[in-house]
file final-v1.cif (mmCIF, N, CA and C atoms; chains and numbers go by the auth columns)
data_work
#
loop_
_atom_site.group_PDB
_atom_site.id
_atom_site.type_symbol
_atom_site.label_atom_id
_atom_site.label_comp_id
_atom_site.label_asym_id
_atom_site.label_seq_id
_atom_site.Cartn_x
_atom_site.Cartn_y
_atom_site.Cartn_z
_atom_site.B_iso_or_equiv
_atom_site.auth_seq_id
_atom_site.auth_asym_id
ATOM 1 N N MET A 1 5.846 -28.868 3.874 0.00 1 A
ATOM 2 C CA MET A 1 4.895 -28.975 2.791 0.00 1 A
ATOM 3 C C MET A 1 5.570 -28.533 1.496 0.00 1 A
ATOM 4 N N SER A 2 5.700 -29.437 0.583 0.00 2 A
ATOM 5 C CA SER A 2 6.353 -29.157 -0.678 0.00 2 A
ATOM 6 C C SER A 2 5.308 -28.771 -1.722 0.00 2 A
ATOM 7 N N THR A 3 5.582 -27.695 -2.445 0.00 3 A
ATOM 8 C CA THR A 3 4.653 -27.259 -3.479 0.00 3 A
ATOM 9 C C THR A 3 5.325 -27.356 -4.832 0.00 3 A
ATOM 10 N N ASN A 4 4.536 -27.631 -5.818 0.00 4 A
ATOM 11 C CA ASN A 4 5.006 -27.720 -7.183 0.00 4 A
ATOM 12 C C ASN A 4 5.104 -26.303 -7.750 0.00 4 A
ATOM 13 N N PRO A 5 6.285 -25.842 -8.159 0.00 5 A
ATOM 14 C CA PRO A 5 6.424 -24.470 -8.667 0.00 5 A
ATOM 15 C C PRO A 5 5.584 -24.211 -9.910 0.00 5 A
ATOM 16 N N ARG A 6 5.438 -25.203 -10.752 0.00 6 A
ATOM 17 C CA ARG A 6 4.640 -25.027 -11.966 0.00 6 A
ATOM 18 C C ARG A 6 3.169 -24.850 -11.613 0.00 6 A
ATOM 19 N N LEU A 7 2.677 -25.637 -10.668 0.00 7 A
ATOM 20 C CA LEU A 7 1.295 -25.511 -10.228 0.00 7 A
ATOM 21 C C LEU A 7 1.072 -24.155 -9.580 0.00 7 A
ATOM 22 N N TRP A 8 2.026 -23.737 -8.737 0.00 8 A
ATOM 23 C CA TRP A 8 1.903 -22.449 -8.050 0.00 8 A
ATOM 24 C C TRP A 8 1.859 -21.305 -9.055 0.00 8 A
ATOM 25 N N SER A 9 2.737 -21.326 -10.047 0.00 9 A
ATOM 26 C CA SER A 9 2.757 -20.238 -11.035 0.00 9 A
ATOM 27 C C SER A 9 1.494 -20.259 -11.897 0.00 9 A
ATOM 28 N N THR A 10 0.984 -21.437 -12.199 0.00 10 A
ATOM 29 C CA THR A 10 -0.252 -21.535 -12.957 0.00 10 A
ATOM 30 C C THR A 10 -1.413 -20.956 -12.167 0.00 10 A
ATOM 31 N N MET A 11 -1.479 -21.278 -10.881 0.00 11 A
ATOM 32 C CA MET A 11 -2.549 -20.746 -10.032 0.00 11 A
ATOM 33 C C MET A 11 -2.442 -19.229 -9.910 0.00 11 A
ATOM 34 N N MET A 12 -1.229 -18.714 -9.804 0.00 12 A
ATOM 35 C CA MET A 12 -1.045 -17.264 -9.696 0.00 12 A
ATOM 36 C C MET A 12 -1.475 -16.571 -10.983 0.00 12 A
ATOM 37 N N MET A 13 -1.127 -17.146 -12.126 0.00 13 A
ATOM 38 C CA MET A 13 -1.526 -16.561 -13.405 0.00 13 A
ATOM 39 C C MET A 13 -3.044 -16.558 -13.550 0.00 13 A
ATOM 40 N N LEU A 14 -3.687 -17.653 -13.142 0.00 14 A
ATOM 41 C CA LEU A 14 -5.145 -17.711 -13.204 0.00 14 A
ATOM 42 C C LEU A 14 -5.777 -16.688 -12.274 0.00 14 A
ATOM 43 N N THR A 15 -5.214 -16.521 -11.092 0.00 15 A
ATOM 44 C CA THR A 15 -5.736 -15.547 -10.145 0.00 15 A
ATOM 45 C C THR A 15 -5.625 -14.132 -10.696 0.00 15 A
ATOM 46 N N VAL A 16 -4.471 -13.812 -11.250 0.00 16 A
ATOM 47 C CA VAL A 16 -4.269 -12.484 -11.840 0.00 16 A
ATOM 48 C C VAL A 16 -5.218 -12.274 -13.005 0.00 16 A
ATOM 49 N N LEU A 17 -5.387 -13.273 -13.842 0.00 17 A
ATOM 50 C CA LEU A 17 -6.279 -13.175 -14.986 0.00 17 A
ATOM 51 C C LEU A 17 -7.714 -12.923 -14.535 0.00 17 A
ATOM 52 N N VAL A 18 -8.170 -13.646 -13.533 0.00 18 A
ATOM 53 C CA VAL A 18 -9.540 -13.477 -13.030 0.00 18 A
ATOM 54 C C VAL A 18 -9.719 -12.089 -12.432 0.00 18 A
ATOM 55 N N ILE A 19 -8.726 -11.622 -11.682 0.00 19 A
ATOM 56 C CA ILE A 19 -8.827 -10.298 -11.075 0.00 19 A
ATOM 57 C C ILE A 19 -8.861 -9.205 -12.142 0.00 19 A
ATOM 58 N N LEU A 20 -8.015 -9.330 -13.155 0.00 20 A
ATOM 59 C CA LEU A 20 -7.947 -8.302 -14.193 0.00 20 A
ATOM 60 C C LEU A 20 -9.167 -8.300 -15.102 0.00 20 A
ATOM 61 N N THR A 21 -9.770 -9.438 -15.315 0.00 21 A
ATOM 62 C CA THR A 21 -10.907 -9.505 -16.234 0.00 21 A
ATOM 63 C C THR A 21 -12.252 -9.500 -15.514 0.00 21 A
ATOM 64 N N SER A 22 -12.235 -9.362 -14.215 0.00 22 A
ATOM 65 C CA SER A 22 -13.473 -9.358 -13.448 0.00 22 A
ATOM 66 C C SER A 22 -14.230 -8.054 -13.664 0.00 22 A
ATOM 67 N N SER A 23 -15.534 -8.147 -13.743 0.00 23 A
ATOM 68 C CA SER A 23 -16.339 -6.940 -13.895 0.00 23 A
ATOM 69 C C SER A 23 -16.643 -6.300 -12.546 0.00 23 A
ATOM 70 N N CYS A 24 -16.324 -6.972 -11.464 0.00 24 A
ATOM 71 C CA CYS A 24 -16.571 -6.449 -10.118 0.00 24 A
ATOM 72 C C CYS A 24 -15.321 -5.732 -9.614 0.00 24 A
ATOM 73 N N THR A 25 -15.016 -4.593 -10.179 0.00 25 A
ATOM 74 C CA THR A 25 -13.795 -3.895 -9.800 0.00 25 A
ATOM 75 C C THR A 25 -13.922 -3.151 -8.478 0.00 25 A
ATOM 76 N N GLU A 26 -15.120 -3.006 -7.946 0.00 26 A
ATOM 77 C CA GLU A 26 -15.312 -2.278 -6.698 0.00 26 A
ATOM 78 C C GLU A 26 -15.002 -3.126 -5.476 0.00 26 A
ATOM 79 N N PHE A 27 -14.827 -4.419 -5.660 0.00 27 A
ATOM 80 C CA PHE A 27 -14.563 -5.306 -4.535 0.00 27 A
ATOM 81 C C PHE A 27 -13.104 -5.734 -4.525 0.00 27 A
ATOM 82 N N ALA A 28 -12.533 -5.772 -3.333 0.00 28 A
ATOM 83 C CA ALA A 28 -11.164 -6.259 -3.161 0.00 28 A
ATOM 84 C C ALA A 28 -11.202 -7.402 -2.160 0.00 28 A
ATOM 85 N N VAL A 29 -10.493 -8.455 -2.467 0.00 29 A
ATOM 86 C CA VAL A 29 -10.454 -9.590 -1.556 0.00 29 A
ATOM 87 C C VAL A 29 -9.475 -9.267 -0.438 0.00 29 A
ATOM 88 N N LEU A 30 -9.964 -9.316 0.782 0.00 30 A
ATOM 89 C CA LEU A 30 -9.128 -9.043 1.944 0.00 30 A
ATOM 90 C C LEU A 30 -8.964 -10.330 2.720 0.00 30 A
ATOM 91 N N SER A 31 -7.777 -10.877 2.671 0.00 31 A
ATOM 92 C CA SER A 31 -7.560 -12.134 3.372 0.00 31 A
ATOM 93 C C SER A 31 -7.591 -11.949 4.876 0.00 31 A
ATOM 94 N N SER A 32 -7.156 -10.804 5.374 0.00 32 A
ATOM 95 C CA SER A 32 -7.161 -10.588 6.820 0.00 32 A
ATOM 96 C C SER A 32 -8.578 -10.419 7.343 0.00 32 A
ATOM 97 N N GLY A 33 -9.482 -9.930 6.520 0.00 33 A
ATOM 98 C CA GLY A 33 -10.874 -9.767 6.929 0.00 33 A
ATOM 99 C C GLY A 33 -11.703 -10.985 6.614 0.00 33 A
ATOM 100 N N ALA A 34 -11.122 -11.921 5.894 0.00 34 A
ATOM 101 C CA ALA A 34 -11.789 -13.166 5.512 0.00 34 A
ATOM 102 C C ALA A 34 -13.102 -12.908 4.796 0.00 34 A
ATOM 103 N N GLY A 35 -13.086 -11.995 3.844 0.00 35 A
ATOM 104 C CA GLY A 35 -14.307 -11.722 3.100 0.00 35 A
ATOM 105 C C GLY A 35 -14.069 -10.690 2.032 0.00 35 A
ATOM 106 N N LEU A 36 -15.141 -10.040 1.622 0.00 36 A
ATOM 107 C CA LEU A 36 -15.070 -9.010 0.600 0.00 36 A
ATOM 108 C C LEU A 36 -15.323 -7.652 1.230 0.00 36 A
ATOM 109 N N ALA A 37 -14.650 -6.658 0.756 0.00 37 A
ATOM 110 C CA ALA A 37 -14.858 -5.312 1.263 0.00 37 A
ATOM 111 C C ALA A 37 -14.807 -4.336 0.099 0.00 37 A
ATOM 112 N N VAL A 38 -15.615 -3.302 0.169 0.00 38 A
ATOM 113 C CA VAL A 38 -15.629 -2.290 -0.876 0.00 38 A
ATOM 114 C C VAL A 38 -14.447 -1.368 -0.648 0.00 38 A
ATOM 115 N N SER A 39 -13.664 -1.162 -1.700 0.00 39 A
ATOM 116 C CA SER A 39 -12.494 -0.303 -1.591 0.00 39 A
ATOM 117 C C SER A 39 -12.344 0.496 -2.873 0.00 39 A
ATOM 118 N N HIS A 40 -12.338 1.829 -2.746 0.00 40 A
ATOM 119 C CA HIS A 40 -12.148 2.687 -3.911 0.00 40 A
ATOM 120 C C HIS A 40 -10.725 3.204 -3.992 0.00 40 A
ATOM 121 N N ASN A 41 -9.932 2.964 -2.976 0.00 41 A
ATOM 122 C CA ASN A 41 -8.569 3.463 -2.914 0.00 41 A
ATOM 123 C C ASN A 41 -7.617 2.470 -3.581 0.00 41 A
ATOM 124 N N ALA A 42 -6.797 2.965 -4.497 0.00 42 A
ATOM 125 C CA ALA A 42 -5.855 2.099 -5.219 0.00 42 A
ATOM 126 C C ALA A 42 -4.824 1.498 -4.280 0.00 42 A
ATOM 127 N N TYR A 43 -4.395 2.278 -3.263 0.00 43 A
ATOM 128 C CA TYR A 43 -3.419 1.768 -2.306 0.00 43 A
ATOM 129 C C TYR A 43 -4.009 0.625 -1.475 0.00 43 A
ATOM 130 N N ALA A 44 -5.270 0.741 -1.104 0.00 44 A
ATOM 131 C CA ALA A 44 -5.929 -0.317 -0.337 0.00 44 A
ATOM 132 C C ALA A 44 -6.057 -1.579 -1.179 0.00 44 A
ATOM 133 N N LYS A 45 -6.367 -1.415 -2.455 0.00 45 A
ATOM 134 C CA LYS A 45 -6.465 -2.562 -3.348 0.00 45 A
ATOM 135 C C LYS A 45 -5.105 -3.237 -3.525 0.00 45 A
ATOM 136 N N ALA A 46 -4.057 -2.437 -3.676 0.00 46 A
ATOM 137 C CA ALA A 46 -2.714 -2.991 -3.835 0.00 46 A
ATOM 138 C C ALA A 46 -2.277 -3.725 -2.573 0.00 46 A
ATOM 139 N N TYR A 47 -2.534 -3.124 -1.404 0.00 47 A
ATOM 140 C CA TYR A 47 -2.184 -3.773 -0.140 0.00 47 A
ATOM 141 C C TYR A 47 -2.943 -5.090 0.014 0.00 47 A
ATOM 142 N N SER A 48 -4.211 -5.072 -0.320 0.00 48 A
ATOM 143 C CA SER A 48 -5.022 -6.286 -0.200 0.00 48 A
ATOM 144 C C SER A 48 -4.491 -7.391 -1.108 0.00 48 A
ATOM 145 N N GLY A 49 -4.110 -7.023 -2.308 0.00 49 A
ATOM 146 C CA GLY A 49 -3.551 -8.014 -3.225 0.00 49 A
ATOM 147 C C GLY A 49 -2.242 -8.581 -2.726 0.00 49 A
ATOM 148 N N LEU A 50 -1.369 -7.711 -2.221 0.00 50 A
ATOM 149 C CA LEU A 50 -0.100 -8.173 -1.670 0.00 50 A
ATOM 150 C C LEU A 50 -0.311 -9.037 -0.431 0.00 50 A
ATOM 151 N N ASP A 51 -1.253 -8.619 0.410 0.00 51 A
ATOM 152 C CA ASP A 51 -1.544 -9.387 1.621 0.00 51 A
ATOM 153 C C ASP A 51 -2.071 -10.768 1.253 0.00 51 A
ATOM 154 N N PHE A 52 -2.926 -10.828 0.247 0.00 52 A
ATOM 155 C CA PHE A 52 -3.478 -12.105 -0.214 0.00 52 A
ATOM 156 C C PHE A 52 -2.369 -13.021 -0.726 0.00 52 A
ATOM 157 N N LEU A 53 -1.457 -12.488 -1.535 0.00 53 A
ATOM 158 C CA LEU A 53 -0.350 -13.293 -2.060 0.00 53 A
ATOM 159 C C LEU A 53 0.589 -13.733 -0.944 0.00 53 A
ATOM 160 N N THR A 54 0.788 -12.871 0.054 0.00 54 A
ATOM 161 C CA THR A 54 1.644 -13.219 1.184 0.00 54 A
ATOM 162 C C THR A 54 1.048 -14.363 1.983 0.00 54 A
ATOM 163 N N VAL A 55 -0.253 -14.317 2.212 0.00 55 A
ATOM 164 C CA VAL A 55 -0.919 -15.388 2.957 0.00 55 A
ATOM 165 C C VAL A 55 -0.842 -16.700 2.189 0.00 55 A
ATOM 166 N N ILE A 56 -1.016 -16.630 0.879 0.00 56 A
ATOM 167 C CA ILE A 56 -0.943 -17.850 0.069 0.00 56 A
ATOM 168 C C ILE A 56 0.447 -18.479 0.143 0.00 56 A
ATOM 169 N N SER A 57 1.489 -17.642 0.077 0.00 57 A
ATOM 170 C CA SER A 57 2.838 -18.197 0.020 0.00 57 A
ATOM 171 C C SER A 57 3.435 -18.512 1.389 0.00 57 A
ATOM 172 N N THR A 58 3.045 -17.788 2.447 0.00 58 A
ATOM 173 C CA THR A 58 3.686 -17.992 3.749 0.00 58 A
ATOM 174 C C THR A 58 2.724 -18.397 4.859 0.00 58 A
ATOM 175 N N GLU A 59 1.445 -18.386 4.593 0.00 59 A
ATOM 176 C CA GLU A 59 0.401 -18.718 5.566 0.00 59 A
ATOM 177 C C GLU A 59 0.347 -17.729 6.738 0.00 59 A
ATOM 178 N N LYS A 60 0.940 -16.529 6.562 0.00 60 A
ATOM 179 C CA LYS A 60 0.843 -15.439 7.534 0.00 60 A
ATOM 180 C C LYS A 60 0.579 -14.158 6.757 0.00 60 A
ATOM 181 N N ASP A 61 -0.238 -13.269 7.334 0.00 61 A
ATOM 182 C CA ASP A 61 -0.470 -12.011 6.648 0.00 61 A
ATOM 183 C C ASP A 61 0.656 -11.022 6.931 0.00 61 A
ATOM 184 N N ILE A 62 0.630 -9.886 6.259 0.00 62 A
ATOM 185 C CA ILE A 62 1.696 -8.900 6.378 0.00 62 A
ATOM 186 C C ILE A 62 1.808 -8.398 7.813 0.00 62 A
ATOM 187 N N LYS A 63 0.668 -8.197 8.472 0.00 63 A
ATOM 188 C CA LYS A 63 0.695 -7.702 9.851 0.00 63 A
ATOM 189 C C LYS A 63 1.431 -8.659 10.781 0.00 63 A
ATOM 190 N N MET A 64 1.256 -9.948 10.590 0.00 64 A
ATOM 191 C CA MET A 64 1.951 -10.927 11.436 0.00 64 A
ATOM 192 C C MET A 64 3.449 -10.937 11.153 0.00 64 A
ATOM 193 N N HIS A 65 3.839 -10.758 9.885 0.00 65 A
ATOM 194 C CA HIS A 65 5.259 -10.681 9.548 0.00 65 A
ATOM 195 C C HIS A 65 5.897 -9.473 10.244 0.00 65 A
ATOM 196 N N VAL A 66 5.222 -8.333 10.215 0.00 66 A
ATOM 197 C CA VAL A 66 5.751 -7.129 10.868 0.00 66 A
ATOM 198 C C VAL A 66 5.815 -7.336 12.373 0.00 66 A
ATOM 199 N N TYR A 67 4.767 -7.910 12.950 0.00 67 A
ATOM 200 C CA TYR A 67 4.731 -8.161 14.391 0.00 67 A
ATOM 201 C C TYR A 67 5.897 -9.055 14.820 0.00 67 A
ATOM 202 N N HIS A 68 6.109 -10.146 14.093 0.00 68 A
ATOM 203 C CA HIS A 68 7.201 -11.062 14.431 0.00 68 A
ATOM 204 C C HIS A 68 8.570 -10.389 14.254 0.00 68 A
ATOM 205 N N ALA A 69 8.718 -9.575 13.232 0.00 69 A
ATOM 206 C CA ALA A 69 9.990 -8.874 13.029 0.00 69 A
ATOM 207 C C ALA A 69 10.247 -7.882 14.161 0.00 69 A
ATOM 208 N N LEU A 70 9.220 -7.163 14.587 0.00 70 A
ATOM 209 C CA LEU A 70 9.390 -6.191 15.671 0.00 70 A
ATOM 210 C C LEU A 70 9.661 -6.864 17.014 0.00 70 A
ATOM 211 N N THR A 71 8.964 -7.949 17.294 0.00 71 A
ATOM 212 C CA THR A 71 9.198 -8.636 18.570 0.00 71 A
ATOM 213 C C THR A 71 10.569 -9.305 18.577 0.00 71 A
ATOM 214 N N LYS A 72 11.027 -9.768 17.420 0.00 72 A
ATOM 215 C CA LYS A 72 12.360 -10.371 17.327 0.00 72 A
ATOM 216 C C LYS A 72 13.427 -9.316 17.602 0.00 72 A
ATOM 217 N N GLU A 73 13.266 -8.118 17.017 0.00 73 A
ATOM 218 C CA GLU A 73 14.208 -7.028 17.255 0.00 73 A
ATOM 219 C C GLU A 73 14.212 -6.610 18.718 0.00 73 A
ATOM 220 N N LYS A 74 13.036 -6.569 19.318 0.00 74 A
ATOM 221 C CA LYS A 74 12.920 -6.162 20.713 0.00 74 A
ATOM 222 C C LYS A 74 13.653 -7.146 21.624 0.00 74 A
ATOM 223 N N HIS A 75 13.515 -8.444 21.355 0.00 75 A
ATOM 224 C CA HIS A 75 14.174 -9.464 22.165 0.00 75 A
ATOM 225 C C HIS A 75 15.690 -9.476 21.930 0.00 75 A
ATOM 226 N N GLU A 76 16.121 -9.167 20.723 0.00 76 A
ATOM 227 C CA GLU A 76 17.553 -9.152 20.414 0.00 76 A
ATOM 228 C C GLU A 76 18.247 -7.938 21.012 0.00 76 A
ATOM 229 N N SER A 77 17.516 -6.830 21.205 0.00 77 A
ATOM 230 C CA SER A 77 18.127 -5.614 21.735 0.00 77 A
ATOM 231 C C SER A 77 18.307 -5.671 23.261 0.00 77 A
ATOM 232 N N LYS A 78 17.666 -6.611 23.921 0.00 78 A
ATOM 233 C CA LYS A 78 17.782 -6.717 25.392 0.00 78 A
ATOM 234 C C LYS A 78 19.068 -7.355 25.808 0.00 78 A
#

call {"tool": "encode", "arguments": {"input": "final-v1.cif", "output": "structure tokens"}}
result
Amino acid sequence: MSTNPRLWSTMMMLTVLVILTSSCTEFAVLSSGAGLAVSHNAYAKAYSGLDFLTVISTEKDIKMHVYHALTKEKHESK
């Protein structure tokens, strides 16, 4: 699947703009939970944002990337 870099960067800028100018700062989009969740912790908000961007760019969340990396290491060490 080929993506247009200009379109991707435009979509990312729009997403960041909407998040920064949104009046609903108490909600964080959690892609792994497939919905909205209330989060007051800055670290949770940052993780959720990174997880969302990871899913958009790789179609896997951070947990799946870690799982695959750990299982790959386990199989290589045998």

call {"tool": "atom_distance", "arguments": {"input": "final-v1.cif", "atom1": "atom CA of Leu20 of chain A", "atom2": "atom C of Ser57 of chain A"}}
result
21.8 Å

call {"tool": "atom_distance", "arguments": {"input": "final-v1.cif", "atom1": "atom CA of Asp51 of chain A", "atom2": "atom CA of Lys63 of chain A"}}
result
8.7 Å

call {"tool": "residues_around", "arguments": {"input": "final-v1.cif", "residues": "Leu53 of chain A", "least_positions_apart": "4", "cutoff": "10 Å", "atoms": "only C-alpha atoms", "output": "ChimeraX atom specification"}}
result
/A:12,15,31,47-49,57-62

call {"tool": "atom_distance", "arguments": {"input": "final-v1.cif", "atom1": "atom CA of Thr10 of chain A", "atom2": "atom CA of Ile56 of chain A"}}
result
13.6 Å
